[in-house]
file work.tsv (TSV, C-alpha atoms)
chain	number	residue	atom	x	y	z
A	209	MET	CA	130.84	61.62	126.14
A	210	ALA	CA	130.25	62.67	122.54
A	211	ALA	CA	134.01	62.84	122.01
A	212	ASP	CA	134.41	59.32	123.42
A	213	LEU	CA	131.74	57.98	121.07
A	214	LEU	CA	133.36	59.76	118.11
A	215	VAL	CA	136.79	58.35	119.01
A	216	THR	CA	135.35	54.84	119.29
A	217	ILE	CA	133.63	55.15	115.91
A	218	PHE	CA	136.78	56.42	114.18
A	219	LEU	CA	138.95	53.71	115.78
A	220	GLY	CA	136.45	51.08	114.65
A	221	LEU	CA	136.46	52.42	111.09
A	222	GLY	CA	140.26	52.51	111.03
A	223	LEU	CA	140.60	48.98	112.35
A	224	LEU	CA	137.97	47.76	109.86
A	225	ALA	CA	139.85	49.36	106.95
A	226	ALA	CA	143.24	48.01	108.06
A	227	GLY	CA	141.76	44.54	108.59
A	228	LEU	CA	140.16	44.55	105.15
A	229	GLY	CA	143.51	45.54	103.65
A	230	VAL	CA	145.24	42.62	105.35
A	231	VAL	CA	142.48	40.22	104.24
A	232	GLY	CA	142.93	41.55	100.71
A	233	ILE	CA	146.65	40.83	100.86
A	234	LEU	CA	145.94	37.27	101.94
A	235	ARG	CA	143.10	36.49	99.55
A	236	PHE	CA	143.67	38.32	96.26
A	237	PRO	CA	145.16	36.39	93.34
A	238	ASP	CA	148.16	38.41	92.07
A	239	VAL	CA	150.54	41.26	92.87
A	240	TYR	CA	148.54	44.16	91.41
A	241	THR	CA	145.26	43.37	93.16
A	242	ARG	CA	147.14	42.83	96.43
A	243	LEU	CA	148.89	46.19	95.96
A	244	HIS	CA	145.51	47.81	95.29
A	245	ALA	CA	143.97	46.40	98.48
A	246	GLU	CA	147.02	47.00	100.66
A	247	THR	CA	147.79	50.60	99.80
A	248	LYS	CA	144.28	51.98	99.76
A	249	MET	CA	142.94	50.19	102.78
A	250	THR	CA	145.92	50.56	105.13
A	251	THR	CA	146.23	54.27	104.25
A	252	CYS	CA	142.51	54.67	104.96
A	253	GLY	CA	142.95	52.87	108.28
A	254	ALA	CA	145.90	55.09	109.20
A	255	ILE	CA	143.85	58.21	108.41
A	256	PHE	CA	140.95	57.15	110.63
A	257	ILE	CA	143.15	55.98	113.52
A	258	CYS	CA	145.13	59.24	113.43
A	259	ILE	CA	141.88	61.26	113.36
A	260	ALA	CA	140.76	59.38	116.49
A	261	VAL	CA	144.10	60.19	118.15
A	262	ILE	CA	143.85	63.87	117.21
A	263	ILE	CA	140.27	64.14	118.57
A	264	THR	CA	141.33	62.50	121.83
A	265	GLU	CA	144.34	64.75	122.32
A	266	ALA	CA	142.34	67.88	121.43
A	267	GLY	CA	139.71	66.94	124.00
A	268	VAL	CA	142.28	66.30	126.73
A	269	TYR	CA	144.08	69.55	125.87
A	270	LEU	CA	140.88	71.58	126.04
A	271	THR	CA	139.91	70.13	129.42
A	272	THR	CA	143.30	70.11	131.18
A	273	GLY	CA	145.20	72.85	129.33
A	274	ASP	CA	148.44	70.83	129.35
A	275	VAL	CA	150.59	71.69	126.31
A	276	GLN	CA	152.03	68.14	126.14
A	277	TYR	CA	148.77	66.78	124.71
A	278	ALA	CA	148.59	69.50	122.05
A	279	VAL	CA	152.16	68.66	121.01
A	280	LEU	CA	151.21	64.98	120.74
A	281	GLY	CA	148.25	65.84	118.51
A	282	LEU	CA	150.30	68.10	116.25
A	283	HIS	CA	153.01	65.48	115.84
A	284	THR	CA	150.32	62.96	114.93
A	285	VAL	CA	149.25	65.35	112.15
A	286	LEU	CA	152.85	65.39	110.90
A	287	ALA	CA	153.08	61.58	110.98
A	288	LEU	CA	149.77	61.30	109.12
A	289	ALA	CA	150.95	63.70	106.40
A	290	ALA	CA	154.22	61.78	105.97
A	291	LEU	CA	152.31	58.48	105.79
A	292	ILE	CA	149.77	59.68	103.18
A	293	PHE	CA	152.34	61.12	100.74
A	294	THR	CA	154.88	58.30	101.05
A	295	ASN	CA	152.31	55.49	100.73
A	296	ALA	CA	151.02	56.74	97.38
A	297	ILE	CA	154.52	57.19	95.94
A	298	GLY	CA	155.69	53.83	97.29
A	299	ALA	CA	152.72	52.00	95.76
A	300	HIS	CA	153.45	53.55	92.36
A	301	ALA	CA	157.10	52.48	92.61
A	302	ILE	CA	156.19	48.91	93.61
A	303	GLY	CA	153.69	48.51	90.75
A	304	ARG	CA	156.15	49.83	88.18
A	305	ALA	CA	158.94	47.61	89.53
A	306	ALA	CA	156.65	44.56	89.51
A	307	TYR	CA	155.76	45.12	85.84
A	308	ARG	CA	159.38	45.70	84.87
A	309	SER	CA	160.56	42.59	86.70
A	310	GLY	CA	158.37	40.41	84.50
A	311	VAL	CA	155.38	39.68	86.76
A	312	ARG	CA	152.22	39.86	84.68
A	313	PRO	CA	148.63	40.25	85.92
A	314	ASP	CA	147.43	36.71	86.55
A	315	PRO	CA	143.81	36.56	85.34
A	316	ALA	CA	144.09	39.50	82.91
A	317	VAL	CA	143.03	39.32	79.28
A	318	VAL	CA	144.14	42.79	78.19
A	319	ASP	CA	147.65	44.10	78.89
A	320	ARG	CA	147.72	47.76	77.92
A	321	LEU	CA	151.30	48.29	79.08
A	322	LYS	CA	152.70	45.75	76.61
A	323	GLY	CA	153.87	48.13	73.89
A	324	VAL	CA	154.88	50.95	76.22
A	325	ASP	CA	158.55	51.80	76.63
A	326	MET	CA	159.09	51.33	80.38
A	327	ASP	CA	162.75	52.33	80.44
A	328	ASP	CA	162.30	56.03	81.15
B	282	MET	CA	139.64	55.27	127.93
B	283	THR	CA	142.95	53.42	128.09
B	284	ASP	CA	141.48	49.98	127.43
B	285	ILE	CA	140.21	51.07	123.98
B	286	TRP	CA	143.77	51.91	122.94
B	287	VAL	CA	145.07	48.61	124.30
B	288	VAL	CA	142.44	46.66	122.33
B	289	THR	CA	143.40	48.66	119.22
B	290	LEU	CA	147.05	47.78	119.81
B	291	GLY	CA	146.19	44.08	120.07
B	292	LEU	CA	144.20	44.12	116.83
B	293	LEU	CA	146.97	46.00	115.00
B	294	LEU	CA	149.46	43.39	116.22
B	295	LEU	CA	147.16	40.67	114.87
B	296	PHE	CA	147.05	42.45	111.48
B	297	VAL	CA	150.85	42.68	111.41
B	298	ILE	CA	151.11	38.94	112.05
B	299	LEU	CA	148.55	38.19	109.31
B	300	ALA	CA	150.47	40.40	106.86
B	301	MET	CA	153.65	38.54	107.80
B	302	VAL	CA	151.96	35.32	106.61
B	303	ARG	CA	151.93	36.81	103.12
B	304	LEU	CA	155.49	38.03	103.64
B	305	TRP	CA	156.45	34.43	104.36
B	306	LEU	CA	154.38	32.76	101.62
B	307	GLY	CA	154.52	35.30	98.78
B	308	PRO	CA	155.25	33.55	95.48
B	309	THR	CA	157.18	36.44	93.93
B	310	ALA	CA	159.41	39.21	95.25
B	311	PRO	CA	156.90	42.07	94.64
B	312	ASP	CA	154.37	40.18	96.78
B	313	ARG	CA	156.80	40.26	99.66
B	314	VAL	CA	157.46	43.98	99.15
B	315	VAL	CA	153.71	44.68	99.22
B	316	ALA	CA	153.36	42.71	102.45
B	317	LEU	CA	156.37	44.54	103.94
B	318	ASP	CA	154.77	47.87	103.06
B	319	ALA	CA	151.57	46.80	104.85
B	320	VAL	CA	153.60	45.75	107.90
B	321	ASN	CA	155.36	49.12	107.97
B	322	THR	CA	152.16	51.18	107.66
B	323	ILE	CA	150.36	49.22	110.37
B	324	THR	CA	153.45	49.45	112.59
B	325	VAL	CA	153.45	53.25	112.28
B	326	CYS	CA	149.78	53.28	113.38
B	327	GLY	CA	150.66	50.96	116.26
B	328	ILE	CA	153.50	53.20	117.45
B	329	ILE	CA	151.18	56.25	117.42
B	330	VAL	CA	148.49	54.36	119.36
B	331	PHE	CA	151.17	53.16	121.82
B	332	GLY	CA	152.28	56.75	122.38
B	333	VAL	CA	148.71	57.86	123.05
B	334	ALA	CA	147.97	54.95	125.38
B	335	PHE	CA	150.97	55.77	127.57
B	336	ASN	CA	151.11	59.58	127.04
B	337	GLU	CA	154.58	59.64	125.47
B	338	THR	CA	155.18	62.22	122.74
B	339	VAL	CA	158.55	60.70	121.86
B	340	TYR	CA	156.89	57.61	120.39
B	341	VAL	CA	155.01	59.73	117.84
B	342	ASP	CA	158.31	61.33	116.78
B	343	VAL	CA	159.73	57.84	116.35
B	344	ALA	CA	156.67	57.00	114.22
B	345	ILE	CA	157.40	59.95	111.88
B	346	VAL	CA	161.00	58.83	111.40
B	347	TYR	CA	159.88	55.21	110.93
B	348	ALA	CA	157.39	56.23	108.24
B	349	LEU	CA	160.04	58.14	106.28
B	350	LEU	CA	162.63	55.37	106.64
B	351	SER	CA	160.15	52.70	105.54
B	352	PHE	CA	159.35	54.84	102.50
B	353	VAL	CA	163.04	55.00	101.59
B	354	GLY	CA	163.32	51.24	102.09
B	355	THR	CA	160.32	50.56	99.89
B	356	LEU	CA	161.72	52.78	97.13
B	357	TRP	CA	165.09	51.04	97.36
B	358	LEU	CA	163.49	47.59	97.14
B	359	ALA	CA	161.40	48.73	94.16
B	360	LYS	CA	164.51	50.01	92.39
B	361	TYR	CA	166.24	46.68	93.10
B	362	ILE	CA	163.35	44.58	91.84
B	363	GLY	CA	162.83	46.74	88.77
B	364	GLY	CA	166.45	46.28	87.76
B	365	ASP	CA	167.71	49.83	88.19
B	366	LEU	CA	170.47	48.97	90.67

call {"tool": "encode", "arguments": {"input": "work.tsv", "output": "structure tokens"}}
result
Amino acid sequence: MAADLLVTIFLGLGLLAAGLGVVGILRFPDVYTRLHAETKMTTCGAIFICIAVIITEAGVYLTTGDVQYAVLGLHTVLALAALIFTNAIGAHAIGRAAYRSGVRPDPAVVDRLKGVDMDD
Amino acid sequence: MTDIWVVTLGLLLLFVILAMVRLWLGPTAPDRVVALDAVNTITVCGIIVFGVAFNETVYVDVAIVYALLSFVGTLWLAKYIGGDL
């Protein structure tokens, strides 16, 4: 019962984070704020949903002793690790490419990347 | 316990559709790449939840490969937009 409650709480947190990320994509004014909302919130949602999956599979494995559920949980850990590392690197690449392609922050007053050599 | 995972799947599908609105509207190309990245991340979560709901380990393996391939795709699109290709 406690495991079920924990899984429900983590799934709710993950769905809340992913939903807030999507709302941020739809509502924010320019590329950089959308990137900010999208990367952080969908990664956070993925972390919580995968934690819920891992707790569920660990509980089922401890009660039934079937190795299939343990394998599913371990592969979820692998998928979560791949997602965390690649999301951060991808967000950095998108932001850099957006600045180099000429898109400027919309409501910004200060542009601290203006004098920086972006070619290397 | 299965109905919780099915509800989660439905909500993740709704989020994917909402992110595709930005993919359709997006004024500039980086907006569309950001929306595509959101769609990919939420799809990976959806595949994992699908595998748990139906007890299939293969789906989680597919999710790992999908995450890595979407990362390569995002990097390629960023290189293209930034003018390196």

call {"tool": "atom_distance", "arguments": {"input": "work.tsv", "atom1": "CA of Leu234 in chain A", "atom2": "CA of Ala299 in chain A"}}
result
17.4 Å

call {"tool": "interface_residues", "arguments": {"input": "work.tsv", "of": "chain A", "to": "chain B", "cutoff": "9 Å", "atoms": "only C-alpha atoms", "output": "count of residues only"}}
result
56

call {"tool": "closest_residue", "arguments": {"input": "work.tsv", "among": "A:His244, A:Tyr269, A:Pro315, A:Leu224", "to": "His300 in chain A", "atoms": "all atoms listed in the file"}}
result
A:His244

call {"tool": "atom_distance", "arguments": {"input": "work.tsv", "atom1": "CA of Met249 in chain A", "atom2": "CA of Val268 in chain A"}}
result
28.9 Å

call {"tool": "atom_distance", "arguments": {"input": "work.tsv", "atom1": "CA of Pro313 in chain A", "atom2": "CA of Ala225 in chain A"}}
result
24.5 Å

call {"tool": "decode", "arguments": {"input": "work.tsv", "residues": "range 349-365 of chain B", "atoms": "all heavy atoms", "output": "mmCIF file, in the first residue's frame"}}
result
data_model
loop_
_atom_site.group_PDB
_atom_site.id
_atom_site.type_symbol
_atom_site.label_atom_id
_atom_site.label_comp_id
_atom_site.auth_asym_id
_atom_site.auth_seq_id
_atom_site.Cartn_x
_atom_site.Cartn_y
_atom_site.Cartn_z
ATOM 1 N N LEU B 349 18.712 7.978 -27.503
ATOM 2 C CA LEU B 349 20.017 8.287 -28.103
ATOM 3 C C LEU B 349 19.856 8.810 -29.525
ATOM 4 O O LEU B 349 20.532 9.764 -29.933
ATOM 5 C CB LEU B 349 20.905 7.047 -28.069
ATOM 6 C CG LEU B 349 21.249 6.608 -26.642
ATOM 7 C CD1 LEU B 349 22.027 5.325 -26.648
ATOM 8 C CD2 LEU B 349 22.031 7.689 -25.951
ATOM 9 N N LEU B 350 18.932 8.224 -30.292
ATOM 10 C CA LEU B 350 18.745 8.695 -31.672
ATOM 11 C C LEU B 350 18.162 10.102 -31.705
ATOM 12 O O LEU B 350 18.534 10.921 -32.561
ATOM 13 C CB LEU B 350 17.843 7.736 -32.440
ATOM 14 C CG LEU B 350 18.526 6.468 -32.923
ATOM 15 C CD1 LEU B 350 17.544 5.616 -33.693
ATOM 16 C CD2 LEU B 350 19.688 6.807 -33.809
ATOM 17 N N SER B 351 17.258 10.422 -30.775
ATOM 18 C CA SER B 351 16.700 11.776 -30.760
ATOM 19 C C SER B 351 17.766 12.787 -30.359
ATOM 20 O O SER B 351 17.758 13.928 -30.835
ATOM 21 C CB SER B 351 15.518 11.846 -29.809
ATOM 22 O OG SER B 351 15.971 11.894 -28.486
ATOM 23 N N PHE B 352 18.713 12.351 -29.506
ATOM 24 C CA PHE B 352 19.826 13.240 -29.152
ATOM 25 C C PHE B 352 20.693 13.540 -30.378
ATOM 26 O O PHE B 352 21.049 14.697 -30.638
ATOM 27 C CB PHE B 352 20.653 12.579 -28.053
ATOM 28 C CG PHE B 352 21.972 13.236 -27.806
ATOM 29 C CD1 PHE B 352 22.028 14.550 -27.375
ATOM 30 C CD2 PHE B 352 23.146 12.546 -27.986
ATOM 31 C CE1 PHE B 352 23.238 15.150 -27.138
ATOM 32 C CE2 PHE B 352 24.358 13.137 -27.747
ATOM 33 C CZ PHE B 352 24.401 14.446 -27.333
ATOM 34 N N VAL B 353 20.986 12.496 -31.157
ATOM 35 C CA VAL B 353 21.778 12.713 -32.371
ATOM 36 C C VAL B 353 21.032 13.619 -33.344
ATOM 37 O O VAL B 353 21.610 14.532 -33.957
ATOM 38 C CB VAL B 353 22.125 11.358 -33.019
ATOM 39 C CG1 VAL B 353 22.805 11.565 -34.339
ATOM 40 C CG2 VAL B 353 23.013 10.557 -32.110
ATOM 41 N N GLY B 354 19.713 13.422 -33.459
ATOM 42 C CA GLY B 354 18.920 14.261 -34.348
ATOM 43 C C GLY B 354 18.896 15.712 -33.912
ATOM 44 O O GLY B 354 19.011 16.627 -34.730
ATOM 45 N N THR B 355 18.776 15.922 -32.585
ATOM 46 C CA THR B 355 18.782 17.291 -32.078
ATOM 47 C C THR B 355 20.121 17.969 -32.339
ATOM 48 O O THR B 355 20.170 19.136 -32.738
ATOM 49 C CB THR B 355 18.479 17.289 -30.576
ATOM 50 O OG1 THR B 355 17.236 16.648 -30.366
ATOM 51 C CG2 THR B 355 18.422 18.689 -30.038
ATOM 52 N N LEU B 356 21.221 17.221 -32.122
ATOM 53 C CA LEU B 356 22.540 17.812 -32.379
ATOM 54 C C LEU B 356 22.711 18.152 -33.852
ATOM 55 O O LEU B 356 23.250 19.205 -34.203
ATOM 56 C CB LEU B 356 23.635 16.837 -31.952
ATOM 57 C CG LEU B 356 24.020 16.829 -30.482
ATOM 58 C CD1 LEU B 356 25.269 16.021 -30.310
ATOM 59 C CD2 LEU B 356 24.234 18.225 -29.985
ATOM 60 N N TRP B 357 22.201 17.265 -34.734
ATOM 61 C CA TRP B 357 22.344 17.520 -36.162
ATOM 62 C C TRP B 357 21.553 18.759 -36.570
ATOM 63 O O TRP B 357 22.051 19.603 -37.343
ATOM 64 C CB TRP B 357 21.863 16.292 -36.941
ATOM 65 C CG TRP B 357 22.148 16.400 -38.385
ATOM 66 C CD1 TRP B 357 23.315 16.127 -39.005
ATOM 67 C CD2 TRP B 357 21.237 16.842 -39.385
ATOM 68 N NE1 TRP B 357 23.185 16.374 -40.336
ATOM 69 C CE2 TRP B 357 21.943 16.797 -40.611
ATOM 70 C CE3 TRP B 357 19.905 17.262 -39.369
ATOM 71 C CZ2 TRP B 357 21.346 17.174 -41.803
ATOM 72 C CZ3 TRP B 357 19.318 17.625 -40.557
ATOM 73 C CH2 TRP B 357 20.045 17.582 -41.754
ATOM 74 N N LEU B 358 20.313 18.873 -36.024
ATOM 75 C CA LEU B 358 19.503 20.052 -36.351
ATOM 76 C C LEU B 358 20.141 21.324 -35.812
ATOM 77 O O LEU B 358 20.104 22.373 -36.469
ATOM 78 C CB LEU B 358 18.098 19.894 -35.775
ATOM 79 C CG LEU B 358 17.182 18.988 -36.584
ATOM 80 C CD1 LEU B 358 15.893 18.755 -35.833
ATOM 81 C CD2 LEU B 358 16.889 19.621 -37.924
ATOM 82 N N ALA B 359 20.774 21.239 -34.624
ATOM 83 C CA ALA B 359 21.434 22.418 -34.067
ATOM 84 C C ALA B 359 22.625 22.824 -34.925
ATOM 85 O O ALA B 359 22.848 24.009 -35.177
ATOM 86 C CB ALA B 359 21.868 22.137 -32.630
ATOM 87 N N LYS B 360 23.390 21.831 -35.394
ATOM 88 C CA LYS B 360 24.512 22.140 -36.289
ATOM 89 C C LYS B 360 24.001 22.809 -37.563
ATOM 90 O O LYS B 360 24.581 23.768 -38.068
ATOM 91 C CB LYS B 360 25.243 20.848 -36.661
ATOM 92 C CG LYS B 360 26.161 20.323 -35.598
ATOM 93 C CD LYS B 360 27.446 21.083 -35.594
ATOM 94 C CE LYS B 360 28.391 20.512 -34.550
ATOM 95 N NZ LYS B 360 29.548 21.378 -34.369
ATOM 96 N N TYR B 361 22.883 22.300 -38.094
ATOM 97 C CA TYR B 361 22.335 22.842 -39.343
ATOM 98 C C TYR B 361 21.850 24.269 -39.156
ATOM 99 O O TYR B 361 22.120 25.145 -39.987
ATOM 100 C CB TYR B 361 21.194 21.942 -39.815
ATOM 101 C CG TYR B 361 20.554 22.415 -41.078
ATOM 102 C CD1 TYR B 361 21.263 22.422 -42.269
ATOM 103 C CD2 TYR B 361 19.245 22.870 -41.093
ATOM 104 C CE1 TYR B 361 20.686 22.866 -43.431
ATOM 105 C CE2 TYR B 361 18.668 23.315 -42.248
ATOM 106 C CZ TYR B 361 19.392 23.311 -43.407
ATOM 107 O OH TYR B 361 18.825 23.762 -44.554
ATOM 108 N N ILE B 362 21.163 24.520 -38.039
ATOM 109 C CA ILE B 362 20.642 25.868 -37.801
ATOM 110 C C ILE B 362 21.774 26.844 -37.529
ATOM 111 O O ILE B 362 21.773 27.981 -37.996
ATOM 112 C CB ILE B 362 19.646 25.832 -36.627
ATOM 113 C CG1 ILE B 362 18.375 25.130 -37.058
ATOM 114 C CG2 ILE B 362 19.299 27.224 -36.148
ATOM 115 C CD1 ILE B 362 17.432 24.912 -35.936
ATOM 116 N N GLY B 363 22.801 26.367 -36.770
ATOM 117 C CA GLY B 363 23.899 27.257 -36.433
ATOM 118 C C GLY B 363 24.831 27.552 -37.587
ATOM 119 O O GLY B 363 25.719 28.373 -37.457
ATOM 120 N N GLY B 364 24.661 26.864 -38.705
ATOM 121 C CA GLY B 364 25.450 27.169 -39.882
ATOM 122 C C GLY B 364 26.747 26.406 -39.989
ATOM 123 O O GLY B 364 27.649 26.814 -40.712
ATOM 124 N N ASP B 365 26.877 25.285 -39.278
ATOM 125 C CA ASP B 365 28.110 24.514 -39.341
ATOM 126 C C ASP B 365 28.116 23.486 -40.455
ATOM 127 O O ASP B 365 29.160 22.922 -40.768
ATOM 128 C CB ASP B 365 28.348 23.786 -38.011
ATOM 129 C CG ASP B 365 28.850 24.745 -36.958
ATOM 130 O OD1 ASP B 365 29.436 25.765 -37.348
ATOM 131 O OD2 ASP B 365 28.649 24.478 -35.768
#
